[in-house]
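Visitor: Here's a structure for you.
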Amino acid sequence: MDLGHDPKSPKGVKAIMKKKEDDIDALRKQLRLPPTMHPQTAELVQEKEAEDTMDLLMRMNQRKIQMEEELERTVQGK
């Protein structure tokens, strides 16, 4: 996934990491949406949404870790 950032720019990497953290917070808030009308359907939908959100959070967290490592290497390389 190309984010169009310069890996040698710590400000750019920090801005992208902040954006990702904001996105993760927004996803966490979405999990608190009210359920649908039918209780069983609501549970299934909520479980699926939670599963999908956790999968997305894990992928985003892994990307954040990669970006932090890139930032560390860039800062140490100076």
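Every chain in the structure tokens has a letter given in the order shown (A, B, ...), and although residue numbers restart at 1 in each chain, ligands are simply numbered from 1 in the order shown.
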Leaving out range 55-71 of chain A and any residue of its chain fewer than 2 positions from it, which residues lie within 10 Å of it when counting only C-alpha atoms, given as a PDB file with N, CA and C atoms, in the first residue's frame?

Guide:
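And here is the file that came out, part03.pdb:
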```pdb
ATOM      1  N   MET A   1       0.849  -1.170   0.000  1.00  0.00           N
ATOM      2  CA  MET A   1       0.000   0.000   0.000  1.00  0.00           C
ATOM      3  C   MET A   1       0.892   1.229   0.000  1.00  0.00           C
ATOM      4  N   PRO A   7       9.524   8.534   3.249  1.00  0.00           N
ATOM      5  CA  PRO A   7       9.930   7.848   4.478  1.00  0.00           C
ATOM      6  C   PRO A   7      11.063   8.547   5.218  1.00  0.00           C
ATOM      7  N   LYS A   8      11.702   9.503   4.584  1.00  0.00           N
ATOM      8  CA  LYS A   8      12.783  10.226   5.246  1.00  0.00           C
ATOM      9  C   LYS A   8      12.278  11.495   5.925  1.00  0.00           C
ATOM     10  N   SER A   9      10.970  11.724   5.879  1.00  0.00           N
ATOM     11  CA  SER A   9      10.377  12.906   6.498  1.00  0.00           C
ATOM     12  C   SER A   9       9.667  12.507   7.789  1.00  0.00           C
ATOM     13  N   PRO A  10      10.310  12.724   8.949  1.00  0.00           N
ATOM     14  CA  PRO A  10       9.678  12.342  10.225  1.00  0.00           C
ATOM     15  C   PRO A  10       8.343  13.047  10.458  1.00  0.00           C
ATOM     16  N   LYS A  11       8.211  14.287  10.005  1.00  0.00           N
ATOM     17  CA  LYS A  11       6.939  15.001  10.194  1.00  0.00           C
ATOM     18  C   LYS A  11       5.820  14.313   9.425  1.00  0.00           C
ATOM     19  N   GLY A  12       6.125  13.896   8.209  1.00  0.00           N
ATOM     20  CA  GLY A  12       5.115  13.212   7.396  1.00  0.00           C
ATOM     21  C   GLY A  12       4.707  11.882   7.995  1.00  0.00           C
ATOM     22  N   VAL A  13       5.672  11.137   8.481  1.00  0.00           N
ATOM     23  CA  VAL A  13       5.386   9.838   9.083  1.00  0.00           C
ATOM     24  C   VAL A  13       4.571  10.021  10.355  1.00  0.00           C
ATOM     25  N   LYS A  14       4.931  11.003  11.162  1.00  0.00           N
ATOM     26  CA  LYS A  14       4.177  11.257  12.399  1.00  0.00           C
ATOM     27  C   LYS A  14       2.745  11.671  12.078  1.00  0.00           C
ATOM     28  N   ILE A  16       0.987  10.794   9.448  1.00  0.00           N
ATOM     29  CA  ILE A  16       0.272   9.604   8.997  1.00  0.00           C
ATOM     30  C   ILE A  16      -0.059   8.704  10.182  1.00  0.00           C
ATOM     31  N   MET A  17       0.864   8.554  11.124  1.00  0.00           N
ATOM     32  CA  MET A  17       0.593   7.738  12.308  1.00  0.00           C
ATOM     33  C   MET A  17      -0.549   8.348  13.121  1.00  0.00           C
ATOM     34  N   LYS A  18      -0.586   9.662  13.236  1.00  0.00           N
ATOM     35  CA  LYS A  18      -1.671  10.343  13.956  1.00  0.00           C
ATOM     36  C   LYS A  18      -2.998  10.082  13.261  1.00  0.00           C
ATOM     37  N   LYS A  20      -3.767   7.512  11.389  1.00  0.00           N
ATOM     38  CA  LYS A  20      -4.138   6.119  11.624  1.00  0.00           C
ATOM     39  C   LYS A  20      -4.718   5.937  13.025  1.00  0.00           C
ATOM     40  N   GLU A  21      -4.131   6.587  14.028  1.00  0.00           N
ATOM     41  CA  GLU A  21      -4.656   6.489  15.387  1.00  0.00           C
ATOM     42  C   GLU A  21      -6.060   7.086  15.470  1.00  0.00           C
ATOM     43  N   ASP A  23      -8.188   7.165  12.987  1.00  0.00           N
ATOM     44  CA  ASP A  23      -9.052   6.200  12.304  1.00  0.00           C
ATOM     45  C   ASP A  23      -9.403   5.034  13.220  1.00  0.00           C
ATOM     46  N   ILE A  24      -8.424   4.569  13.978  1.00  0.00           N
ATOM     47  CA  ILE A  24      -8.665   3.466  14.915  1.00  0.00           C
ATOM     48  C   ILE A  24      -9.664   3.898  15.982  1.00  0.00           C
ATOM     49  N   ASP A  25      -9.523   5.112  16.492  1.00  0.00           N
ATOM     50  CA  ASP A  25     -10.474   5.620  17.485  1.00  0.00           C
ATOM     51  C   ASP A  25     -11.879   5.691  16.905  1.00  0.00           C
ATOM     52  N   LEU A  27     -13.127   3.842  14.511  1.00  0.00           N
ATOM     53  CA  LEU A  27     -13.638   2.476  14.391  1.00  0.00           C
ATOM     54  C   LEU A  27     -14.107   1.944  15.732  1.00  0.00           C
ATOM     55  N   ARG A  28     -13.385   2.262  16.769  1.00  0.00           N
ATOM     56  CA  ARG A  28     -13.804   1.814  18.108  1.00  0.00           C
ATOM     57  C   ARG A  28     -15.155   2.430  18.479  1.00  0.00           C
ATOM     58  N   GLU A  49     -19.265  -7.299  12.823  1.00  0.00           N
ATOM     59  CA  GLU A  49     -18.639  -5.976  12.798  1.00  0.00           C
ATOM     60  C   GLU A  49     -17.427  -5.940  13.730  1.00  0.00           C
ATOM     61  N   ALA A  50     -17.568  -6.523  14.900  1.00  0.00           N
ATOM     62  CA  ALA A  50     -16.453  -6.546  15.850  1.00  0.00           C
ATOM     63  C   ALA A  50     -15.284  -7.346  15.277  1.00  0.00           C
ATOM     64  N   GLU A  51     -15.600  -8.469  14.662  1.00  0.00           N
ATOM     65  CA  GLU A  51     -14.559  -9.305  14.053  1.00  0.00           C
ATOM     66  C   GLU A  51     -13.865  -8.546  12.915  1.00  0.00           C
ATOM     67  N   ASP A  52     -14.659  -7.923  12.041  1.00  0.00           N
ATOM     68  CA  ASP A  52     -14.091  -7.158  10.927  1.00  0.00           C
ATOM     69  C   ASP A  52     -13.273  -5.975  11.431  1.00  0.00           C
ATOM     70  N   THR A  53     -13.778  -5.304  12.446  1.00  0.00           N
ATOM     71  CA  THR A  53     -13.083  -4.145  12.987  1.00  0.00           C
ATOM     72  C   THR A  53     -11.771  -4.567  13.641  1.00  0.00           C
ATOM     73  N   ARG A  73      14.485   4.101  11.954  1.00  0.00           N
ATOM     74  CA  ARG A  73      15.644   3.923  11.072  1.00  0.00           C
ATOM     75  C   ARG A  73      16.044   5.232  10.418  1.00  0.00           C
ATOM     76  N   THR A  74      15.071   6.033  10.031  1.00  0.00           N
ATOM     77  CA  THR A  74      15.353   7.324   9.408  1.00  0.00           C
ATOM     78  C   THR A  74      16.020   8.260  10.385  1.00  0.00           C
ATOM     79  N   VAL A  75      15.494   8.325  11.611  1.00  0.00           N
ATOM     80  CA  VAL A  75      16.059   9.208  12.623  1.00  0.00           C
ATOM     81  C   VAL A  75      17.458   8.748  13.017  1.00  0.00           C
ATOM     82  N   GLN A  76      17.658   7.464  13.149  1.00  0.00           N
ATOM     83  CA  GLN A  76      18.969   6.929  13.532  1.00  0.00           C
ATOM     84  C   GLN A  76      19.980   7.087  12.391  1.00  0.00           C
ATOM     85  N   GLY A  77      19.509   7.123  11.168  1.00  0.00           N
ATOM     86  CA  GLY A  77      20.389   7.238  10.028  1.00  0.00           C
ATOM     87  C   GLY A  77      20.934   8.638   9.824  1.00  0.00           C
TER      88      GLY A  77
END
```
